[in-house]
Amino acid sequence: MSARKIVVVDDHGLWGAEWARVLQDQRPGRYEVLPVDSPSAMAKCLDKDPDIWLVVCDMDFYRVTADTGLSALITAEAHARRRPNDRPLHTIVSTVDDNDNRFLFLHTAFQCFNPAPVDLIFKDTEFDRAALGAVDALARGDRPSSHRFARFTRNGLDEPLIRQLLGGKCNSAGVPIKLAIWKALAGISADPGDTIRGVQQLQAVTGFTSKHIYTYLNPALEVAQALAADMRMPPRSVLDAPAPGKRREANDVLSGLREFAVLHMLFFQAPELPDLVRDRLIDRGRGK
C-alpha cells in the first residue's frame with residue numbers, strides 16, 4: 001500500500017517537520033508529509049494531487065500572507081465534497097493554543113464547515129501523542145476523539161454561537177451588519193464613558209443609523225459574554241454579567257464590546273470572513 005499523503009499548511013516550517021518526524025519515527029513508510037507555507041500553496045497541492053488524504057492547517061499565516069486558516073478550510077471543504085466516498089479528504093486544525101485570537105477561528109472551523117475538521121491538535125507537549133492518535137483513528141476508518149474540540153462545536157444549540165455572533169442580515173449594499181459593527185468596534189477611540197461619541201464613531205465607519213446600532217449592542221454583549229465565559233484566559237471584568245437586579249449602563253456595554261473586538265481583531269479582519277458570513281450565516285432578506 002502506498003504512503004498516505006498529508007499536507008501540513010503552516011507558515012512556520014517547524015511544524016511540517018514535526019509531523020514528518022513523528023510519523024517517520026513511529027509509523028515509518030505509512031505517510032508522506034508535504035509541508036507548504038500558505039493556503040494558496042495548499043490549494044495548488046490539492047488541484048495537482050487528488051490522492052491527498054489529510055490536510056493539517058494552521059489558523060494564522062502572518063509571516064507570509066493575510067489569508068487565514070479559514071481559506072485553507074474553505075478550499076479543503078470544496079475538494080472533499082467533490083470526492084467519492086472511498087477517497088475522503090480529512091482536515092485537522094492545528095494551533096498553538098485556544099486562547100484569545102485563535103478562539104473565534106476555532107468556533108468557526110467546527111461550526112461552519114461540512115465536513116467539519118476531524119480533530120484539533122495543539123502545538124504543545126502532547127503533540128506527538130495527538131498526531132499519532134489522529135492518524136491511527138483515521139486509518140482505521142474511525143473519527144478521532146472529540147475531547148480537544150468538543151467545546152467549539154454546536155453543543156446542542158439550535159443556533160451556534162458563531163451564528164449568534166455574526167449571523168442575521170446584510171444591509172442594502174450586501175454588507176453583513178454584525179460583522180461590520182464588530183470590525184468598527186475595534187477602532188473606537190472615544191473615552192469608555194462616552195457612549196454617544198462611541199456610537200457616533202460607529203456610525204461614521206459603518207454608515208448605519210444610531211438607532212440601528214443601539215439595537216445590536218446588548219444582544220452582541222450577551223453572545224460575547226457567552227463566548228468569553230469559555231475562554232482560557234482571566235475573565236475580563238467588562239464582560240462579566242451585571243449583578244442580579246442591576247442593569248448594565250450603556251457605556252459599560254460599549255466598553256465590553258470594544259474590548260472583545262480588539263481581543264479578536266485578527267479574526268474580525270480575516271479577508272475570508274465577509275464571504276463566509278454571507279454564504280453561511282446570513283438570513284434571507286435585508287437589514288437596514
# chains A, B, ... in the order shown; residues from 1 in each chain; ligands from 1
call {"tool": "residues_around", "arguments": {"residues": "Ser189 (chain A)", "least_positions_apart": "6", "cutoff": "10 Å", "atoms": "only C-alpha atoms", "output": "list in words"}}
result
Arg197, Gly198, Gln201 and Arg258 of chain A
call {"tool": "residues_around", "arguments": {"residues": "Asp60 (chain A)", "least_positions_apart": "3", "cutoff": "9 Å", "atoms": "only C-alpha atoms", "output": "ChimeraX atom specification"}}
result
/A:10-11,63,65-69,95,102,266
call {"tool": "residues_around", "arguments": {"residues": "Lys183 (chain A)", "least_positions_apart": "5", "cutoff": "9 Å", "atoms": "only C-alpha atoms", "output": "compact mmCIF listing (two decimals) with N, CA, C and O atoms, in the first residue's frame"}}
result
# COMPACT_ATOMS: atom_id res chain seq x y z
N LYS A 178 -23.67 42.61 11.41
CA LYS A 178 -22.97 42.35 12.67
C LYS A 178 -21.46 42.36 12.48
O LYS A 178 -20.73 42.89 13.32
N ALA A 261 -13.81 43.09 20.76
CA ALA A 261 -13.45 43.31 19.36
C ALA A 261 -11.94 43.45 19.18
O ALA A 261 -11.36 42.91 18.23
N VAL A 262 -11.30 44.17 20.08
CA VAL A 262 -9.84 44.34 19.99
C VAL A 262 -9.13 43.01 20.22
O VAL A 262 -8.18 42.66 19.51
N MET A 265 -9.33 40.96 17.01
CA MET A 265 -9.21 41.76 15.80
C MET A 265 -8.73 40.93 14.61
O MET A 265 -9.20 41.10 13.48
N PHE A 268 -11.84 39.20 13.19
CA PHE A 268 -12.81 40.08 12.54
C PHE A 268 -12.27 40.71 11.26
O PHE A 268 -13.03 41.10 10.38
N GLN A 269 -10.94 40.82 11.15
CA GLN A 269 -10.32 41.39 9.95
C GLN A 269 -9.94 40.32 8.92
O GLN A 269 -9.39 40.66 7.87
call {"tool": "closest_residue", "arguments": {"among": "A:Leu202, A:Ala130, A:Val56, A:Leu273", "to": "Gly16 (chain A)", "atoms": "only C-alpha atoms"}}
result
A:Val56
call {"tool": "atom_distance", "arguments": {"atom1": "CA of His264 (chain A)", "atom2": "CA of Asn101 (chain A)"}}
result
4.9 Å
call {"tool": "closest_residue", "arguments": {"among": "A:Val22, A:Asp86, A:Ala270, A:Pro50", "to": "Glu126 (chain A)", "atoms": "only C-alpha atoms"}}
result
A:Val22
call {"tool": "residues_around", "arguments": {"residues": "Asp119 (chain A)", "least_positions_apart": "2", "cutoff": "7 Å", "atoms": "only C-alpha atoms", "output": "list in words"}}
result
Ile92, Val93, Pro117, Ile121, Pro144, Ser146 and Phe149 of chain A
call {"tool": "closest_residue", "arguments": {"among": "A:Ala173, A:Arg4, A:Ser145, A:Asp136", "to": "Phe208 (chain A)", "atoms": "only C-alpha atoms"}}
result
A:Ala173
call {"tool": "closest_residue", "arguments": {"among": "A:Gly167, A:Val7, A:Cys45, A:His12", "to": "Val33 (chain A)", "atoms": "only C-alpha atoms"}}
result
A:Val7
call {"tool": "select_by_dssp", "arguments": {"residues": "region 16-256 of chain A", "states": "strand (DSSP E or B)", "output": "list in words"}}
result
Tyr31, Glu32, Val33, Leu34, Pro35, Val36, Ile52, Trp53, Leu54, Val55, Val56, Cys57, Asp60, Thr68, His90, Thr91, Ile92, Val93, Ser94, Thr95, Asp119, Leu120, Ile121, Phe122, Gly168, Lys169, Cys170 and Pro176 of chain A
call {"tool": "select_by_dssp", "arguments": {"residues": "region 28-275 of chain A", "states": "alpha helix (DSSP H)", "output": "count of residues only"}}
result
113
call {"tool": "residues_around", "arguments": {"residues": "Val36 (chain A)", "least_positions_apart": "3", "cutoff": "12 Å", "atoms": "only C-alpha atoms", "output": "ChimeraX atom specification"}}
result
/A:6-17,33,39-46,55-58,61,64,72
call {"tool": "write_last_selection", "arguments": {"atoms": "C-alpha atoms", "output": "PDB file, in the first residue's frame"}}
result
ATOM      1  CA  ILE A   6      -0.605  14.606   4.371  1.00  0.00           C
ATOM      2  CA  VAL A   7      -0.352  18.318   3.561  1.00  0.00           C
ATOM      3  CA  VAL A   8       0.717  20.435   6.529  1.00  0.00           C
ATOM      4  CA  VAL A   9      -0.172  24.082   5.925  1.00  0.00           C
ATOM      5  CA  ASP A  10       1.800  26.282   8.295  1.00  0.00           C
ATOM      6  CA  ASP A  11       3.878  29.421   7.824  1.00  0.00           C
ATOM      7  CA  HIS A  12       6.284  28.098  10.459  1.00  0.00           C
ATOM      8  CA  GLY A  13       8.242  25.313   8.769  1.00  0.00           C
ATOM      9  CA  LEU A  14       8.946  23.639  12.092  1.00  0.00           C
ATOM     10  CA  TRP A  15       5.505  22.064  12.233  1.00  0.00           C
ATOM     11  CA  GLY A  16       5.664  20.396   8.847  1.00  0.00           C
ATOM     12  CA  ALA A  17       8.988  18.962  10.016  1.00  0.00           C
ATOM     13  CA  VAL A  33       4.224  14.697   4.649  1.00  0.00           C
ATOM     14  CA  PRO A  39      -3.413  28.326   1.952  1.00  0.00           C
ATOM     15  CA  SER A  40      -2.787  29.209  -1.704  1.00  0.00           C
ATOM     16  CA  ALA A  41       0.099  26.727  -1.869  1.00  0.00           C
ATOM     17  CA  MET A  42      -2.156  24.107  -0.281  1.00  0.00           C
ATOM     18  CA  ALA A  43      -4.805  24.735  -2.948  1.00  0.00           C
ATOM     19  CA  LYS A  44      -2.227  24.025  -5.666  1.00  0.00           C
ATOM     20  CA  CYS A  45      -1.321  20.748  -3.944  1.00  0.00           C
ATOM     21  CA  LEU A  46      -4.943  19.616  -3.868  1.00  0.00           C
ATOM     22  CA  VAL A  55      -4.826  18.466   5.365  1.00  0.00           C
ATOM     23  CA  VAL A  56      -3.478  19.890   8.635  1.00  0.00           C
ATOM     24  CA  CYS A  57      -3.955  23.660   8.703  1.00  0.00           C
ATOM     25  CA  ASP A  58      -2.750  26.412  10.977  1.00  0.00           C
ATOM     26  CA  PHE A  61      -0.172  32.887   8.450  1.00  0.00           C
ATOM     27  CA  VAL A  64       3.660  35.063   4.552  1.00  0.00           C
ATOM     28  CA  ALA A  72      -7.499  26.597   3.783  1.00  0.00           C
TER      29      ALA A  72
END
call {"tool": "atom_distance", "arguments": {"atom1": "CA of Arg140 (chain A)", "atom2": "CA of Phe127 (chain A)"}}
result
20.1 Å
call {"tool": "residues_around", "arguments": {"residues": "Thr153 (chain A)", "least_positions_apart": "4", "cutoff": "9 Å", "atoms": "only C-alpha atoms", "output": "mmCIF file with N, CA, C and O atoms, in the first residue's frame"}}
result
data_model
loop_
_atom_site.group_PDB
_atom_site.id
_atom_site.type_symbol
_atom_site.label_atom_id
_atom_site.label_comp_id
_atom_site.auth_asym_id
_atom_site.auth_seq_id
_atom_site.Cartn_x
_atom_site.Cartn_y
_atom_site.Cartn_z
ATOM 1 N N LEU A 106 -11.578 28.921 15.914
ATOM 2 C CA LEU A 106 -11.901 27.531 16.228
ATOM 3 C C LEU A 106 -13.413 27.315 16.266
ATOM 4 O O LEU A 106 -13.916 26.295 15.791
ATOM 5 N N HIS A 107 -14.141 28.266 16.824
ATOM 6 C CA HIS A 107 -15.608 28.163 16.779
ATOM 7 C C HIS A 107 -16.095 28.105 15.331
ATOM 8 O O HIS A 107 -16.986 27.317 14.991
ATOM 9 N N THR A 108 -15.532 28.935 14.481
ATOM 10 C CA THR A 108 -15.947 28.954 13.079
ATOM 11 C C THR A 108 -15.586 27.649 12.383
ATOM 12 O O THR A 108 -16.388 27.085 11.629
ATOM 13 N N ALA A 109 -14.394 27.144 12.631
ATOM 14 C CA ALA A 109 -13.951 25.912 11.981
ATOM 15 C C ALA A 109 -14.884 24.744 12.281
ATOM 16 O O ALA A 109 -15.205 23.953 11.387
ATOM 17 N N PHE A 110 -15.326 24.635 13.525
ATOM 18 C CA PHE A 110 -16.109 23.464 13.917
ATOM 19 C C PHE A 110 -17.619 23.691 13.847
ATOM 20 O O PHE A 110 -18.386 22.762 14.088
ATOM 21 N N GLN A 111 -18.057 24.895 13.503
ATOM 22 C CA GLN A 111 -19.487 25.163 13.393
ATOM 23 C C GLN A 111 -19.942 25.527 11.982
ATOM 24 O O GLN A 111 -21.129 25.475 11.689
ATOM 25 N N PHE A 149 -11.808 19.330 20.858
ATOM 26 C CA PHE A 149 -12.565 20.355 20.146
ATOM 27 C C PHE A 149 -14.054 20.391 20.466
ATOM 28 O O PHE A 149 -14.784 21.228 19.932
ATOM 29 N N PRO A 160 -25.842 28.046 16.659
ATOM 30 C CA PRO A 160 -24.469 28.021 17.150
ATOM 31 C C PRO A 160 -23.982 29.410 17.547
ATOM 32 O O PRO A 160 -24.452 30.431 17.024
ATOM 33 N N LEU A 161 -23.026 29.459 18.461
ATOM 34 C CA LEU A 161 -22.547 30.742 18.962
ATOM 35 C C LEU A 161 -21.959 31.609 17.862
ATOM 36 O O LEU A 161 -22.111 32.837 17.874
#
call {"tool": "closest_residue", "arguments": {"among": "A:Leu157, A:Val277, A:Ile196, A:Val135", "to": "Ile177 (chain A)", "atoms": "only C-alpha atoms"}}
result
A:Val277
call {"tool": "atom_distance", "arguments": {"atom1": "CA of Asp158 (chain A)", "atom2": "CA of Leu70 (chain A)"}}
result
23.1 Å
